[in-house]
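Listing of entry19.txt; format and content: compact mmCIF, C-alpha atoms and all ligand atoms.
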```
# COMPACT_ATOMS: atom_id res chain seq x y z
CA MET A 280 -54.98 133.12 167.58
CA LEU A 281 -51.32 133.98 168.17
CA GLU A 282 -48.99 135.14 165.47
CA LEU A 283 -45.31 135.99 165.69
CA GLN A 284 -44.00 138.23 162.94
CA ASN A 285 -40.29 138.78 162.30
CA ILE A 286 -39.36 138.43 165.96
CA LYS A 287 -35.75 139.28 166.84
CA TYR A 288 -34.38 139.08 170.36
CA SER A 289 -30.96 139.40 172.00
CA TYR A 290 -29.99 139.70 175.64
CA GLN A 291 -26.65 141.27 174.72
CA PRO A 292 -25.46 142.85 171.46
CA GLY A 293 -23.97 140.24 169.16
CA THR A 294 -25.73 137.26 170.75
CA THR A 295 -28.92 136.65 168.81
CA ILE A 296 -31.45 134.35 170.49
CA LEU A 297 -34.38 134.77 168.08
CA ASN A 298 -33.60 135.71 164.52
CA ASP A 299 -36.50 136.97 162.38
CA LEU A 300 -38.79 134.24 163.69
CA ASN A 301 -42.30 133.77 162.26
CA ALA A 302 -44.98 131.38 163.53
CA THR A 303 -48.75 130.99 163.83
CA PHE A 304 -50.59 129.18 166.62
CA CYS A 305 -54.27 128.19 166.32
CA PRO A 306 -56.97 127.41 168.91
CA GLY A 307 -57.77 123.78 169.64
CA ARG A 308 -54.22 122.58 169.10
CA VAL A 309 -51.28 121.49 171.21
CA TYR A 310 -47.85 122.67 170.06
CA ALA A 311 -44.66 121.19 171.48
CA ILE A 312 -41.53 123.32 171.25
CA VAL A 313 -38.31 121.34 171.41
CA GLY A 314 -34.66 122.32 171.07
CA SER A 315 -31.34 122.05 172.82
CA SER A 316 -30.73 123.60 176.24
CA GLY A 317 -30.10 127.33 175.98
CA CYS A 318 -31.47 127.71 172.43
CA GLY A 319 -34.10 130.24 173.58
CA LYS A 320 -37.30 128.27 174.30
CA SER A 321 -38.10 130.02 177.61
CA THR A 322 -37.27 133.38 176.05
CA LEU A 323 -39.71 132.66 173.23
CA LEU A 324 -42.46 131.65 175.71
CA SER A 325 -41.89 134.89 177.65
CA ILE A 326 -42.39 136.91 174.49
CA MET A 327 -45.51 134.93 173.54
CA GLY A 328 -46.91 135.45 177.04
CA GLY A 329 -46.24 139.18 177.06
CA LEU A 330 -43.66 138.94 179.86
CA ASP A 331 -40.95 140.31 177.61
CA ILE A 332 -40.98 142.34 174.43
CA PRO A 333 -38.99 141.54 171.30
CA GLY A 334 -36.17 143.76 170.05
CA SER A 335 -38.08 143.98 166.77
CA GLY A 336 -41.08 142.34 165.12
CA GLN A 337 -44.54 141.97 166.58
CA VAL A 338 -46.85 139.60 168.42
CA LEU A 339 -50.47 139.55 167.20
CA TYR A 340 -53.29 138.18 169.33
CA ASN A 341 -56.56 137.49 167.50
CA GLY A 342 -55.23 139.50 164.56
CA LYS A 343 -54.28 142.61 166.54
CA PRO A 344 -50.70 143.61 167.39
CA LEU A 345 -50.10 143.63 171.15
CA THR A 346 -48.90 147.04 172.27
CA LYS A 347 -46.99 147.64 175.50
CA LYS A 348 -50.12 149.23 176.98
CA GLU A 349 -52.25 146.13 176.30
CA LEU A 350 -49.79 143.62 177.77
CA PRO A 351 -50.99 143.69 181.42
CA GLU A 352 -54.59 143.00 180.36
CA TYR A 353 -53.45 140.29 177.92
CA ARG A 354 -51.42 138.57 180.67
CA LYS A 355 -54.31 138.79 183.11
CA LYS A 356 -57.17 137.67 180.87
CA ASP A 357 -55.88 135.70 177.93
CA VAL A 358 -52.77 133.81 178.99
CA SER A 359 -51.95 131.35 181.71
CA PHE A 360 -48.41 130.24 182.37
CA ILE A 361 -46.91 127.13 183.88
CA PHE A 362 -43.43 128.30 184.79
CA GLN A 363 -40.35 126.11 185.17
CA SER A 364 -40.07 127.49 188.71
CA TYR A 365 -43.85 127.06 189.42
CA ASN A 366 -44.27 130.64 190.82
CA LEU A 367 -46.73 129.58 193.51
CA ILE A 368 -47.63 131.92 196.36
CA ASP A 369 -45.62 130.25 199.08
CA TYR A 370 -47.59 131.32 202.17
CA LEU A 371 -50.84 129.85 200.78
CA THR A 372 -52.19 126.32 200.50
CA ALA A 373 -52.55 124.54 197.16
CA GLU A 374 -56.29 125.24 197.18
CA GLU A 375 -55.78 128.95 197.99
CA ASN A 376 -53.33 129.29 195.10
CA LEU A 377 -56.08 128.17 192.70
CA LYS A 378 -58.69 130.41 194.36
CA LEU A 379 -56.53 133.42 193.49
CA VAL A 380 -57.18 132.88 189.78
CA SER A 381 -60.69 131.42 189.70
CA PRO A 382 -63.92 131.37 191.72
CA LEU A 383 -64.51 127.74 190.61
CA SER A 384 -64.10 124.91 193.10
CA ALA A 385 -60.40 124.07 193.27
CA LEU A 386 -60.62 120.53 194.62
CA PRO A 387 -61.90 118.77 191.47
CA VAL A 388 -59.09 120.31 189.41
CA LEU A 389 -56.47 119.39 192.02
CA GLU A 390 -57.86 115.84 192.01
CA LYS A 391 -57.54 115.75 188.21
CA VAL A 392 -53.80 116.32 188.55
CA GLY A 393 -53.60 113.62 191.23
CA LEU A 394 -53.64 115.73 194.40
CA ASN A 395 -56.07 114.76 197.16
CA ARG A 396 -58.04 116.85 199.69
CA GLU A 397 -55.35 116.58 202.39
CA ILE A 398 -52.67 117.86 200.00
CA ALA A 399 -55.01 120.62 198.78
CA LYS A 400 -55.17 122.03 202.33
CA ARG A 401 -51.40 121.97 202.87
CA ASN A 402 -49.13 124.99 202.50
CA VAL A 403 -47.38 124.61 199.15
CA LEU A 404 -43.93 124.74 200.76
CA LYS A 405 -44.82 121.49 202.51
CA LEU A 406 -45.32 119.70 199.17
CA SER A 407 -42.74 117.83 197.11
CA GLY A 408 -41.36 119.42 193.92
CA GLY A 409 -43.58 117.24 191.74
CA GLN A 410 -46.66 118.06 193.85
CA GLN A 411 -45.89 121.79 193.60
CA GLN A 412 -45.54 121.38 189.86
CA ARG A 413 -49.01 119.77 189.72
CA VAL A 414 -50.48 122.66 191.74
CA ALA A 415 -49.03 125.05 189.13
CA ILE A 416 -50.58 122.94 186.37
CA ALA A 417 -53.97 122.86 188.13
CA ARG A 418 -53.80 126.65 188.55
CA ALA A 419 -53.32 127.05 184.80
CA LEU A 420 -56.08 124.55 183.98
CA ILE A 421 -58.67 126.25 186.21
CA SER A 422 -58.04 129.70 184.76
CA ASP A 423 -59.75 128.82 181.42
CA SER A 424 -57.68 131.36 179.49
CA SER A 425 -57.55 130.80 175.77
CA LEU A 426 -53.77 130.50 175.63
CA LEU A 427 -51.85 128.14 177.91
CA LEU A 428 -48.05 128.39 177.87
CA ALA A 429 -46.09 125.73 179.72
CA ASP A 430 -42.34 125.59 180.27
CA GLU A 431 -41.27 121.98 180.95
CA PRO A 432 -44.51 121.28 182.86
CA THR A 433 -43.67 117.65 183.51
CA GLY A 434 -39.95 118.04 184.25
CA ASN A 435 -40.31 116.95 187.88
CA LEU A 436 -42.79 114.11 187.36
CA ASP A 437 -42.46 110.38 186.90
CA ASP A 438 -43.43 108.95 183.49
CA GLU A 439 -46.95 107.95 184.51
CA ASN A 440 -47.81 111.35 186.02
CA ALA A 441 -46.14 113.15 183.11
CA ARG A 442 -48.32 111.26 180.61
CA ALA A 443 -51.46 111.94 182.67
CA ILE A 444 -50.67 115.67 182.86
CA PHE A 445 -49.91 115.86 179.16
CA ASN A 446 -53.30 114.24 178.48
CA LEU A 447 -54.97 117.00 180.53
CA LEU A 448 -53.19 119.61 178.40
CA ILE A 449 -54.46 117.81 175.29
CA GLN A 450 -58.03 117.88 176.70
CA TYR A 451 -57.63 121.62 177.33
CA ALA A 452 -57.04 122.10 173.62
CA HIS A 453 -59.30 119.43 172.16
CA GLY A 454 -62.21 119.83 174.63
CA PRO A 455 -65.00 122.44 174.60
CA LEU A 456 -62.62 125.25 175.61
CA GLN A 457 -60.55 124.79 172.43
CA GLY A 458 -57.56 126.41 174.10
CA CYS A 459 -54.25 126.88 172.37
CA VAL A 460 -51.58 125.01 174.33
CA ILE A 461 -47.88 125.65 173.73
CA VAL A 462 -45.54 123.40 175.69
CA VAL A 463 -41.78 123.47 175.90
CA THR A 464 -40.56 119.95 176.54
CA HIS A 465 -37.33 117.98 176.46
CA SER A 466 -39.30 114.72 176.30
CA PRO A 467 -39.53 113.29 172.76
CA ILE A 468 -42.26 110.88 173.94
CA LEU A 469 -44.50 113.71 175.16
CA ALA A 470 -43.67 115.90 172.16
CA GLN A 471 -44.98 113.11 169.90
CA LYS A 472 -48.40 113.44 171.54
CA ALA A 473 -48.72 117.10 170.47
CA ASP A 474 -50.57 118.08 167.28
CA VAL A 475 -47.57 120.02 166.01
CA VAL A 476 -43.90 119.73 166.98
CA LEU A 477 -41.72 122.78 166.40
CA LYS A 478 -37.95 122.79 166.76
CA LEU A 479 -36.21 125.99 167.82
CA GLU A 480 -32.79 126.11 166.22
CA GLY A 481 -30.60 128.99 165.08
CA GLY A 482 -33.22 131.47 166.31
CA LEU A 483 -35.94 130.05 164.06
CA LEU A 484 -38.88 127.66 164.53
CA ARG A 485 -39.16 124.75 162.12
CA GLU A 486 -42.06 122.31 162.00
CA MET A 487 -40.95 118.70 162.38
CA VAL A 488 -42.65 115.98 160.39
N1 LIG A 501 -31.52 137.37 181.62
C1 LIG A 501 -30.60 136.90 180.78
N2 LIG A 501 -29.51 137.63 180.47
C2 LIG A 501 -28.59 137.17 179.59
N3 LIG A 501 -28.68 135.98 178.95
C3 LIG A 501 -29.73 135.22 179.24
C4 LIG A 501 -30.76 135.63 180.15
N4 LIG A 501 -31.70 134.66 180.21
C5 LIG A 501 -31.28 133.69 179.38
N5 LIG A 501 -30.12 134.02 178.80
C6 LIG A 501 -29.38 133.23 177.80
O1 LIG A 501 -30.18 133.17 176.64
C7 LIG A 501 -30.13 131.87 176.05
C8 LIG A 501 -31.53 131.29 175.92
O2 LIG A 501 -32.03 131.05 177.25
P1 LIG A 501 -33.42 130.29 177.47
O3 LIG A 501 -33.64 130.19 178.93
O4 LIG A 501 -34.46 130.98 176.67
O5 LIG A 501 -33.08 128.87 176.83
P2 LIG A 501 -33.92 127.49 176.88
O6 LIG A 501 -33.91 126.95 175.48
O7 LIG A 501 -35.22 127.71 177.53
O8 LIG A 501 -32.98 126.61 177.81
P3 LIG A 501 -33.29 125.31 178.73
O9 LIG A 501 -33.79 124.22 177.80
O10 LIG A 501 -31.95 124.99 179.31
O11 LIG A 501 -34.30 125.72 179.78
C9 LIG A 501 -29.19 131.05 176.93
O12 LIG A 501 -27.89 131.03 176.33
C10 LIG A 501 -29.14 131.80 178.24
O13 LIG A 501 -27.91 131.65 178.90
```
Whole structure given in structure tokens:
Amino acid sequence: MLELQNIKYSYQPGTTILNDLNATFCPGRVYAIVGSSGCGKSTLLSIMGGLDIPGSGQVLYNGKPLTKKELPEYRKKDVSFIFQSYNLIDYLTAEENLKLVSPLSALPVLEKVGLNREIAKRNVLKLSGGQQQRVAIARALISDSSLLLADEPTGNLDDENARAIFNLLIQYAHGPLQGCVIVVTHSPILAQKADVVLKLEGGLLREMV
């Protein structure tokens, strides 16, 4: 589904973040990306999600290289993101944030991530950090895009909620949608639940066994 070929990326000359990186991601699987702070995990997710373009190399989606012209359509139709900073629309309620991306009923999806009707009707700025994070997760789950990219999606949650959310991400991949889920996580316990664990180190991805 998603293929990275010879990806190189630097923010400044002489500081290489990704160094001739190759990887393939398939539908119906959950991939955990682990690695030390600052090694380039968020940068890699941005490139996979078409938010940034590599210095060299290419990203292929369903076998076709993504050109600059195709990126807006790819971001709109094929990818959903759970950002570290949530990126919710702050003058809307939780429910309205989901309605922006899907005509489906928002409440059942919000309930799946543990948010009730009262919370659904509240402006997102009046929610706790963990509740806002769950709204961002629900927004990604309702979008039914084939590729779900998540940057530390459970960073603000207690262990029980984190496990429950990770299980929803697993269902997204293993259920009828057969989505491809790529999650950056610092939690070794959650990473173990993924189908494939990849470590980003020295600008390269290595599968861990
Ligand atoms: N806009 C930027 N300009 C310059 N350097 C940047 C920029 N964004 C990130 N960096 C640097 O690039 C490196 C990789 O950053 P990135 O956010 O991808 O790491 P990460 O692995 O996601 O980190 P963390 O686990 O702490 O979230 C870091 O050294 C960071 O300081």
task: Counting only C-alpha atoms, figure out which residue out of A:Ile461, A:Leu426, A:Leu367, A:Ile421 gets nearest to Ala473 in chain A.
output: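 The shortest atom-to-atom distance to Ala473 in chain A comes from A:Ile461.
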message: Just to confirm, what's the straight-line distance from CA of Ala417 in chain A to CA of Leu383 in chain A in Å (one decimal)?
response: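 These two atoms are separated by 11.9 Å.
Among the candidates A:Ala373, A:Ile312, A:Leu469, A:Leu283, the residue lying nearest to ligand LIG 501 (chain A) is A:Ile312 (atoms considered: all atoms listed in the file).
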message: What does the structure give for the distance between CA of Lys343 in chain A and CA of Leu300 in chain A, in Å to one decimal?
response: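 Distance between the two atoms: 17.8 Å.
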Best match for closeness to ligand LIG 501 (chain A) among A:Tyr370, A:Phe362, A:Tyr451, A:Phe304, counting all atoms listed in the file: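 So, comparing all the options, the nearest one is A:Phe362.
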Per-residue nearest contacts of range 440-473 of chain A to range 386-397 of chain A (12 Å; only C-alpha atoms) as CSV:
```
residue,atom,partner,partner_atom,distance
A:Asn440,CA,A:Gly393,CA,8.1
A:Ala441,CA,A:Val392,CA,9.9
A:Arg442,CA,A:Val392,CA,10.9
A:Ala443,CA,A:Val392,CA,7.7
A:Ile444,CA,A:Val392,CA,6.5
A:Phe445,CA,A:Val392,CA,10.2
A:Asn446,CA,A:Val392,CA,10.3
A:Leu447,CA,A:Val392,CA,8.1
A:Leu448,CA,A:Val392,CA,10.7
A:Gln450,CA,A:Lys391,CA,11.7
```
- request: Find the spatial neighbours of range 407-410 of chain A, counting only C-alpha atoms, within a cut-off of 6 Å - ignore same-chain residues fewer than 2 positions away - and output them as a list in words.
  value: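 The residues that qualify are Gln412, Arg413, Asn435 and Leu436 of chain A.
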task: List all protein, DNA and RNA residues that have any atom at most 6 Å from ligand LIG 501 (chain A), counting only C-alpha atoms and all ligand atoms, and write the list as number ranges by chain.
output: A: 290, 315-322
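Of the listed residues A:Leu420, A:Ile398, A:Leu428, A:Ile368, the one whose atoms come nearest to Leu281 in chain A is A:Leu428, with distances taken using all atoms listed in the file.
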query: Do you have the CA of Gly329 in chain A-CA of Tyr353 in chain A distance handy?
result: 7.3 Å
I want to know what sits within 8 Å of Val462 in chain A, based on all atoms listed in the file, with residues of the same chain fewer than 4 positions away left out; could you give that as a PDB file with C-alpha atoms, keeping the file's coordinate frame?
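What landed in result30.pdb:
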```pdb
ATOM      1  CA  VAL A 309     -51.280 121.490 171.210  1.00  0.00           C
ATOM      2  CA  TYR A 310     -47.850 122.670 170.060  1.00  0.00           C
ATOM      3  CA  ALA A 311     -44.660 121.190 171.480  1.00  0.00           C
ATOM      4  CA  ILE A 312     -41.530 123.320 171.250  1.00  0.00           C
ATOM      5  CA  LEU A 428     -48.050 128.390 177.870  1.00  0.00           C
ATOM      6  CA  ALA A 429     -46.090 125.730 179.720  1.00  0.00           C
ATOM      7  CA  ASP A 430     -42.340 125.590 180.270  1.00  0.00           C
ATOM      8  CA  GLU A 431     -41.270 121.980 180.950  1.00  0.00           C
ATOM      9  CA  PRO A 432     -44.510 121.280 182.860  1.00  0.00           C
TER      10      PRO A 432
END
```
- prompt: Using only C-alpha atoms, which of A:Leu330, A:Gln363, A:Glu480, A:Gly293 sits nearest Pro351 in chain A?
  reply: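 Nearest candidate to Pro351 in chain A out of A:Leu330, A:Gln363, A:Glu480, A:Gly293: A:Leu330.
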Which of A:Pro292, A:Pro382, A:Gly336, A:Gly307 sits closest to Gly458 in chain A [using all atoms listed in the file]: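 Nearest to Gly458 in chain A: A:Gly307.
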Residues within 7 Å of Gly328 in chain A, only C-alpha atoms, excluding chain neighbours under 3 positions, as a PyMOL selection string: chain A and resi 324-325+354+358
